$ cat target_39.txt   # compact mmCIF, C-alpha atoms
# COMPACT_ATOMS: atom_id res chain seq x y z
CA MET F 1347 38.78 32.47 -6.11
CA ALA F 1348 37.66 28.89 -6.44
CA HIS F 1349 34.33 27.24 -6.41
CA ASP F 1350 34.80 23.54 -6.02
CA HIS F 1351 33.84 21.16 -8.75
CA HIS F 1352 32.96 18.43 -6.31
CA GLY F 1353 33.43 19.61 -2.75
CA THR F 1354 31.92 22.18 -0.49
CA GLU F 1355 28.89 22.85 -2.66
CA HIS F 1356 27.73 19.35 -1.82
CA ARG F 1357 28.14 19.98 1.86
CA SER F 1358 25.13 22.20 1.65
CA ALA F 1359 22.17 19.94 2.15
CA HIS F 1360 23.39 17.10 4.28
CA GLY F 1361 26.29 18.36 6.34
CA HIS F 1362 28.65 17.09 3.67
CA ARG F 1363 26.28 16.49 0.81
CA HIS F 1364 24.32 18.31 -1.80
CA GLY F 1365 20.57 17.63 -2.16
CA HIS F 1366 21.32 14.53 -4.15
CA GLY F 1367 19.35 11.62 -2.83
CA HIS F 1368 21.47 10.73 0.20
CA GLY F 1369 20.98 10.56 3.93
CA SER F 1370 19.66 13.75 5.43
CA GLY F 1371 20.36 15.38 8.76
CA THR F 1372 17.83 16.61 11.28
CA ASP F 1373 19.14 20.16 11.74
CA ILE F 1374 18.77 21.36 8.15
CA ASP F 1375 16.78 24.48 7.34
CA TRP F 1376 15.19 23.07 4.20
CA ASN F 1377 13.57 26.36 3.25
CA GLU F 1378 16.94 28.08 3.20
CA MET F 1379 18.73 25.13 1.64
CA GLY F 1380 16.10 24.66 -1.03
CA SER F 1381 16.39 28.31 -2.00
CA LEU F 1382 20.18 28.09 -2.23
CA LEU F 1383 20.10 24.93 -4.33
CA GLU F 1384 17.47 26.43 -6.62
CA ALA F 1385 19.50 29.60 -7.08
CA GLN F 1386 22.59 27.58 -7.96
CA ALA F 1387 20.77 25.38 -10.46
CA GLU F 1388 19.02 28.36 -12.06
CA LEU F 1389 22.39 30.07 -12.53
CA LEU F 1390 23.68 26.90 -14.21
CA SER F 1391 20.61 26.47 -16.42
CA PRO F 1392 22.49 27.41 -19.63
CA VAL F 1393 24.93 24.57 -18.96
CA TYR F 1394 22.16 22.06 -18.37
CA GLU F 1395 20.26 23.19 -21.45
CA ARG F 1396 23.32 22.74 -23.66
CA ALA F 1397 23.97 19.32 -22.14
CA MET F 1398 20.38 18.31 -22.85
CA ALA F 1399 20.67 19.46 -26.45
CA TRP F 1400 23.80 17.32 -26.78
CA LEU F 1401 22.04 14.30 -25.26
CA ALA F 1402 19.01 14.84 -27.49
CA LYS F 1403 21.11 14.08 -30.56
CA GLU F 1404 21.16 10.44 -29.43
CA VAL F 1405 18.21 10.29 -27.03
CA THR F 1406 15.16 10.64 -29.23
CA GLU F 1407 11.63 10.67 -27.84
CA PRO F 1408 12.37 9.20 -24.38
CA GLY F 1409 9.36 7.89 -22.51
CA LEU F 1410 10.79 8.15 -18.99
CA ILE F 1411 13.59 10.44 -17.78
CA VAL F 1412 14.90 9.90 -14.25
CA ASP F 1413 16.90 12.59 -12.40
CA ALA F 1414 18.77 10.52 -9.79
CA GLY F 1415 19.56 13.01 -7.04
CA SER F 1416 17.32 15.81 -8.23
CA GLY F 1417 17.37 18.20 -5.29
CA PRO F 1418 14.63 20.84 -5.72
CA GLY F 1419 13.89 19.83 -9.30
CA VAL F 1420 15.26 22.71 -11.36
CA VAL F 1421 17.07 20.36 -13.74
CA ALA F 1422 14.23 17.85 -13.79
CA CYS F 1423 11.88 20.61 -14.93
CA LEU F 1424 14.37 21.63 -17.62
CA PHE F 1425 14.28 18.03 -18.84
CA ALA F 1426 10.48 18.22 -19.00
CA GLU F 1427 10.76 21.31 -21.17
CA ALA F 1428 13.53 19.90 -23.38
CA PHE F 1429 11.70 16.60 -23.95
CA PRO F 1430 8.00 17.51 -24.16
CA GLY F 1431 6.92 13.93 -24.79
CA ALA F 1432 8.62 12.47 -21.73
CA ARG F 1433 7.49 11.69 -18.24
CA VAL F 1434 10.07 12.99 -15.75
CA LEU F 1435 10.76 11.45 -12.34
CA ALA F 1436 12.74 13.43 -9.75
CA VAL F 1437 14.42 11.14 -7.21
CA ASP F 1438 15.94 12.34 -3.92
CA SER F 1439 16.05 11.35 -0.25
CA ALA F 1440 15.00 14.84 0.91
CA GLY F 1441 11.21 15.13 0.93
CA PRO F 1442 11.18 18.93 1.37
CA LEU F 1443 13.30 19.35 -1.77
CA LEU F 1444 10.91 17.14 -3.72
CA GLU F 1445 8.02 19.30 -2.49
CA ARG F 1446 9.79 22.21 -4.14
CA ALA F 1447 10.24 20.14 -7.27
CA ARG F 1448 6.52 19.41 -7.49
CA ALA F 1449 5.66 23.07 -6.93
CA ARG F 1450 8.10 24.13 -9.67
CA ALA F 1451 6.64 21.60 -12.09
CA ALA F 1452 3.16 22.98 -11.39
CA ARG F 1453 4.33 26.57 -11.95
CA GLN F 1454 5.93 25.60 -15.23
CA GLY F 1455 2.92 23.69 -16.48
CA VAL F 1456 4.50 20.23 -16.61
CA ALA F 1457 2.96 18.68 -13.50
CA ASP F 1458 0.84 16.30 -15.56
CA ARG F 1459 3.98 14.37 -16.56
CA PHE F 1460 6.17 15.04 -13.54
CA ASP F 1461 6.49 12.73 -10.53
CA THR F 1462 8.78 12.37 -7.53
CA LEU F 1463 10.23 9.41 -5.68
CA THR F 1464 11.72 9.66 -2.19
CA GLY F 1465 14.51 7.34 -1.10
CA GLU F 1466 18.21 6.52 -0.98
CA LEU F 1467 20.27 5.99 -4.09
CA PRO F 1468 20.77 3.59 -5.68
CA ASP F 1469 18.32 1.21 -3.96
CA VAL F 1470 15.28 3.45 -4.43
CA LEU F 1471 15.62 3.06 -8.20
CA GLY F 1472 14.34 -0.49 -7.72
CA GLU F 1473 10.93 1.10 -7.16
CA LEU F 1474 10.70 2.43 -10.73
CA GLU F 1475 7.54 1.19 -12.41
CA TYR F 1476 9.41 0.68 -15.67
CA PRO F 1477 12.95 1.25 -16.94
CA ALA F 1478 14.29 4.67 -17.82
CA ASP F 1479 15.10 5.81 -21.34
CA LEU F 1480 17.41 8.46 -19.88
CA LEU F 1481 18.87 8.42 -16.38
CA TRP F 1482 20.66 11.63 -15.34
CA ALA F 1483 22.96 11.68 -12.30
CA SER F 1484 24.55 15.06 -11.57
CA ARG F 1485 27.31 14.71 -8.98
CA SER F 1486 25.27 12.18 -7.03
CA LEU F 1487 27.32 9.08 -7.86
CA HIS F 1488 30.42 10.28 -5.99
CA HIS F 1489 28.42 10.31 -2.76
CA LEU F 1490 28.02 6.53 -2.98
CA GLY F 1491 30.77 4.55 -1.28
CA ASP F 1492 31.08 2.01 -4.10
CA GLN F 1493 30.81 4.06 -7.28
CA ARG F 1494 31.29 1.05 -9.56
CA ALA F 1495 28.41 -0.79 -7.89
CA GLY F 1496 26.32 2.39 -8.01
CA LEU F 1497 26.93 2.75 -11.73
CA THR F 1498 25.94 -0.86 -12.29
CA ALA F 1499 22.71 -0.26 -10.35
CA PHE F 1500 21.99 2.85 -12.44
CA ALA F 1501 22.66 0.92 -15.66
CA GLU F 1502 20.32 -1.88 -14.62
CA ARG F 1503 17.44 0.59 -14.42
CA LEU F 1504 17.82 1.57 -18.07
CA ALA F 1505 15.60 0.28 -20.83
CA PRO F 1506 17.41 -1.45 -23.70
CA GLY F 1507 18.78 1.40 -25.79
CA GLY F 1508 18.47 3.76 -22.82
CA THR F 1509 21.16 6.30 -21.92
CA LEU F 1510 22.94 6.92 -18.63
CA ALA F 1511 24.36 10.45 -18.32
CA LEU F 1512 26.73 11.41 -15.51
CA LEU F 1513 27.80 14.93 -14.64
CA GLU F 1514 31.11 14.37 -12.87
CA GLY F 1515 34.45 16.16 -12.92
CA GLY F 1516 34.97 19.34 -14.87
CA LEU F 1517 37.08 22.21 -13.58
CA PRO F 1518 37.08 24.29 -10.39
CA THR F 1519 35.17 27.49 -10.90
CA ARG F 1520 36.98 30.80 -10.86
CA LEU F 1521 35.21 33.81 -9.39
CA LEU F 1522 37.92 36.47 -9.08
CA PRO F 1523 41.31 37.32 -10.61
CA ARG F 1524 44.49 35.66 -9.33
CA ASP F 1525 45.56 38.93 -7.73
CA ILE F 1526 42.57 40.62 -6.12
CA GLY F 1527 44.49 43.49 -4.52
CA ILE F 1528 44.12 42.20 -0.97
CA GLY F 1529 46.03 39.38 0.70
CA ARG F 1530 48.49 37.10 -1.10
CA PRO F 1531 47.75 36.38 -4.78
CA GLY F 1532 46.73 32.82 -5.59
CA LEU F 1533 44.02 32.31 -2.97
CA SER F 1534 41.99 30.29 -5.48
CA ALA F 1535 44.73 27.69 -5.91
CA ARG F 1536 45.17 27.32 -2.17
CA ILE F 1537 41.45 26.79 -1.72
CA ASP F 1538 41.52 24.20 -4.50
CA VAL F 1539 44.02 22.15 -2.50
CA LEU F 1540 41.87 22.27 0.64
CA GLU F 1541 38.80 21.25 -1.32
CA GLU F 1542 40.59 18.29 -2.88
CA GLU F 1543 41.66 17.18 0.59
CA TRP F 1544 38.11 17.63 1.88
CA PHE F 1545 36.72 15.62 -1.02
CA ALA F 1546 39.17 12.77 -0.38
CA ARG F 1547 38.12 12.67 3.29
CA MET F 1548 34.44 12.74 2.34
CA ARG F 1549 34.93 9.81 -0.04
CA ALA F 1550 36.97 7.82 2.50
CA ASP F 1551 34.33 8.32 5.20
CA LEU F 1552 31.41 7.04 3.12
CA PRO F 1553 29.95 3.65 4.14
CA GLY F 1554 31.55 0.92 2.07
CA SER F 1555 33.96 3.36 0.45
CA VAL F 1556 35.99 1.86 -2.39
CA ALA F 1557 38.88 3.68 -4.02
CA GLU F 1558 38.28 3.96 -7.76
CA ILE F 1559 40.13 5.39 -10.72
CA GLU F 1560 37.72 8.06 -11.90
CA ASP F 1561 37.84 7.07 -15.57
CA TRP F 1562 34.12 7.54 -16.07
CA PRO F 1563 33.90 6.23 -19.67
CA ALA F 1564 35.77 3.09 -18.62
CA LEU F 1565 33.49 2.63 -15.61
CA LEU F 1566 30.42 3.07 -17.80
CA THR F 1567 31.76 0.35 -20.07
CA THR F 1568 32.45 -1.90 -17.09
CA ALA F 1569 28.82 -1.43 -16.07
CA GLY F 1570 27.79 -3.06 -19.34
CA LEU F 1571 27.08 0.09 -21.31
CA ARG F 1572 28.33 0.96 -24.79
CA HIS F 1573 29.12 3.97 -26.98
CA ALA F 1574 30.59 6.03 -24.12
CA ARG F 1575 31.05 9.67 -25.04
CA THR F 1576 32.11 12.78 -23.13
CA ARG F 1577 31.63 16.50 -23.53
CA SER F 1578 32.26 19.53 -21.34
CA PHE F 1579 30.10 22.64 -21.15
CA LEU F 1580 31.27 26.10 -20.17
CA LEU F 1581 29.56 28.48 -17.80
CA ASP F 1582 30.96 31.91 -18.65
CA LEU F 1583 29.41 34.85 -16.81
CA PRO F 1584 31.82 37.77 -17.25
CA ALA F 1585 31.97 40.95 -15.19
CA PRO F 1586 29.91 42.92 -14.47
CA LEU F 1587 27.73 40.31 -12.80
CA SER F 1588 24.02 40.45 -12.11
CA ASP F 1589 22.84 40.87 -8.54
CA ARG F 1590 21.67 37.24 -8.60
CA ALA F 1591 25.14 36.03 -9.59
CA ARG F 1592 26.78 38.16 -6.90
CA ALA F 1593 24.40 36.75 -4.31
CA TYR F 1594 25.32 33.25 -5.41
CA ILE F 1595 29.06 33.99 -5.07
CA ALA F 1596 28.56 35.45 -1.60
CA SER F 1597 26.50 32.50 -0.36
CA HIS F 1598 28.98 30.05 -1.87
CA LEU F 1599 31.98 31.74 -0.24
CA ALA F 1600 30.19 31.85 3.11
CA ARG F 1601 29.54 28.09 2.97
CA LEU F 1602 33.12 27.53 1.81
CA ARG F 1603 34.42 29.48 4.80
CA ASP F 1604 32.35 27.29 7.12
CA GLY F 1605 33.55 24.13 5.38
CA ILE F 1606 37.29 24.59 4.90
CA GLY F 1607 38.05 27.86 6.67
CA ASP F 1608 39.96 26.05 9.41
CA GLY F 1609 42.51 24.98 6.80
CA LEU F 1610 43.33 28.53 5.70
CA ASP F 1611 46.12 30.51 7.33
CA ALA F 1612 45.27 33.72 9.19
CA ASP F 1613 46.03 35.97 6.23
CA ASP F 1614 43.87 33.98 3.79
CA LEU F 1615 41.05 33.80 6.31
CA ALA F 1616 41.20 37.56 6.79
CA THR F 1617 41.06 38.00 3.00
CA LEU F 1618 38.04 35.74 2.77
CA ASP F 1619 36.31 37.69 5.53
CA ARG F 1620 36.90 40.94 3.64
CA LEU F 1621 35.46 39.38 0.49
CA LEU F 1622 32.32 38.52 2.48
CA ASP F 1623 31.89 41.88 4.23
CA PRO F 1624 29.22 43.89 2.37
CA ALA F 1625 30.60 47.13 3.84
CA ASP F 1626 34.08 46.50 2.40
CA PRO F 1627 34.71 47.97 -1.09
CA ALA F 1628 36.87 44.88 -1.79
CA SER F 1629 33.97 42.48 -1.09
CA VAL F 1630 32.29 40.37 -3.74
CA HIS F 1631 29.16 42.40 -3.06
CA ARG F 1632 30.79 45.54 -4.47
CA ARG F 1633 33.95 44.87 -6.48
CA PRO F 1634 33.63 45.20 -10.27
CA ASP F 1635 35.90 42.32 -11.29
CA ALA F 1636 33.87 39.34 -9.99
CA PHE F 1637 32.92 36.77 -12.62
CA ILE F 1638 31.90 33.10 -12.86
CA LEU F 1639 33.80 30.73 -15.13
CA SER F 1640 33.68 26.95 -14.96
CA ALA F 1641 33.49 23.78 -17.02
CA TYR F 1642 31.06 20.92 -16.37
CA THR F 1643 31.72 17.48 -17.87
CA VAL F 1644 29.01 15.00 -18.87
CA HIS F 1645 29.72 11.35 -19.67
CA ALA F 1646 27.03 9.30 -21.42
CA ALA F 1647 26.68 5.68 -22.53
CA VAL F 1648 23.92 3.39 -23.80
CA ARG F 1649 22.51 0.08 -22.60
CA PRO F 1650 22.74 -2.43 -25.45
CA LEU F 1651 19.52 -3.50 -27.15
$ encode --input "target_39.txt" --output "structure tokens"
Amino acid sequence: MAHDHHGTEHRSAHGHRHGHGHGSGTDIDWNEMGSLLEAQAELLSPVYERAMAWLAKEVTEPGLIVDAGSGPGVVACLFAEAFPGARVLAVDSAGPLLERARARAARQGVADRFDTLTGELPDVLGELEYPADLLWASRSLHHLGDQRAGLTAFAERLAPGGTLALLEGGLPTRLLPRDIGIGRPGLSARIDVLEEEWFARMRADLPGSVAEIEDWPALLTTAGLRHARTRSFLLDLPAPLSDRARAYIASHLARLRDGIGDGLDADDLATLDRLLDPADPASVHRRPDAFILSAYTVHAAVRPL
């Protein structure tokens, strides 16, 4: 069973987008969406923490860290904990998500060096009071029509010697074995194909969409940055899963069904419905073989002094 590495999860907050600093709709239940985004980010916290430790080898004592497309601020607060001398700025277009970010910062005792900025990427970054020593963009860049121009705008907001870190790419998440005992084996691979098609449509429909070879280190270099480096981080939650992880899988599959269910044949759709039915012993709520396994890739580069 797949979890997309760039597709339906982003549909969550904005019809086809994650809570990543982009245009918002008017029919969104922000309380529900904020909770879902928080649960996802909390589950991924080990990945983010390892990525921050990797970045910290080169990013020493940053003054300002900007999370460009922060959503409800889970990662931004992790940055505040990982870099205790830094001021952290969470940037997003969704005001209700930034309210959650401020509340989280207060609960975690970092509110005195935590701020938020509401607006559309990348233009809102022009409102920064001073350049960033570390700018983090987790799957927000690919929601900009012109990714090359977006990267250039991100790079321009860095201080000399500052680092731009992108979380893009990685691998589709697997949640269940290839053969789950119901339906045709290989449902994950078939869902992967639909998600790739969905992602291509999403990109093509963006305002000012420009096709781009997704060679992120090369694009970082084109944006004027140097010392590009890449590393992937594994999220490996084996069976048996915690109740929180099972709840995440169920909510993800439900959103996936809403997003790409029309592309599944009748048999696959029936299988997905069984996986979502809490009364069914074969559902993800009850089966013992559910797990979460994925890889998340971070690309970083530095603005020359």
$ closest_atom_pairs --input "target_39.txt" --of "range 1522-1598 of chain F" --to "range 1372-1386 of chain F" --cutoff "12 Å" --atoms "only C-alpha atoms" --output "tab-separated table"
residue	atom	partner	partner_atom	distance
F:Asp1589	CA	F:Ala1385	CA	11.8
F:Arg1590	CA	F:Ala1385	CA	8.1
F:Ala1591	CA	F:Ala1385	CA	8.9
F:Arg1592	CA	F:Ala1385	CA	11.2
F:Ala1593	CA	F:Ala1385	CA	9.1
F:Tyr1594	CA	F:Gln1386	CA	6.8
F:Ile1595	CA	F:Gln1386	CA	9.6
F:Ala1596	CA	F:Leu1382	CA	11.2
F:Ser1597	CA	F:Leu1382	CA	7.9
F:His1598	CA	F:Leu1382	CA	9.0
$ residues_around --input "target_39.txt" --residues "range 1416-1420 of chain F" --least-positions-apart "5" --cutoff "10 Å" --atoms "only C-alpha atoms" --output "JSON, numbers by chain"
{"F": [1359, 1364, 1365, 1366, 1367, 1379, 1380, 1381, 1382, 1383, 1384, 1385, 1386, 1387, 1388, 1390, 1391, 1394, 1425, 1435, 1436, 1437, 1438, 1439, 1440, 1441, 1442, 1443, 1444, 1445, 1446, 1447, 1448, 1449, 1450, 1451, 1462, 1463, 1482, 1483, 1484, 1486]}
$ residues_around --input "target_39.txt" --residues "Leu1513 in chain F" --least-positions-apart "3" --cutoff "6 Å" --atoms "all atoms listed in the file" --output "PyMOL selection string"
chain F and resi 1484-1485+1643-1644
$ residues_around --input "target_39.txt" --residues "Phe1460 in chain F" --least-positions-apart "3" --cutoff "6 Å" --atoms "only C-alpha atoms" --output "compact mmCIF listing (two decimals) with C-alpha atoms, in the frame of the given file"
# COMPACT_ATOMS: atom_id res chain seq x y z
CA ARG F 1433 7.49 11.69 -18.24
CA VAL F 1434 10.07 12.99 -15.75
CA LEU F 1435 10.76 11.45 -12.34
CA ALA F 1457 2.96 18.68 -13.50
$ residues_near_point --input "target_39.txt" --point "(8.6, 12.5, -18.8)" --cutoff "6 Å" --atoms "only C-alpha atoms" --output "list of chain:residue names"
F:Gly1409, F:Leu1410, F:Ile1411, F:Ala1432, F:Arg1433, F:Val1434, F:Arg1459
$ write_last_selection --input "target_39.txt" --atoms "C-alpha atoms" --output "short mmCIF file (atom, residue, chain, number, x, y, z; two decimals), in the frame of the given file"
data_model
loop_
_atom_site.label_atom_id
_atom_site.label_comp_id
_atom_site.auth_asym_id
_atom_site.auth_seq_id
_atom_site.Cartn_x
_atom_site.Cartn_y
_atom_site.Cartn_z
CA GLY F 1409 9.36 7.89 -22.51
CA LEU F 1410 10.79 8.15 -18.99
CA ILE F 1411 13.59 10.44 -17.78
CA ALA F 1432 8.62 12.47 -21.73
CA ARG F 1433 7.49 11.69 -18.24
CA VAL F 1434 10.07 12.99 -15.75
CA ARG F 1459 3.98 14.37 -16.56
#
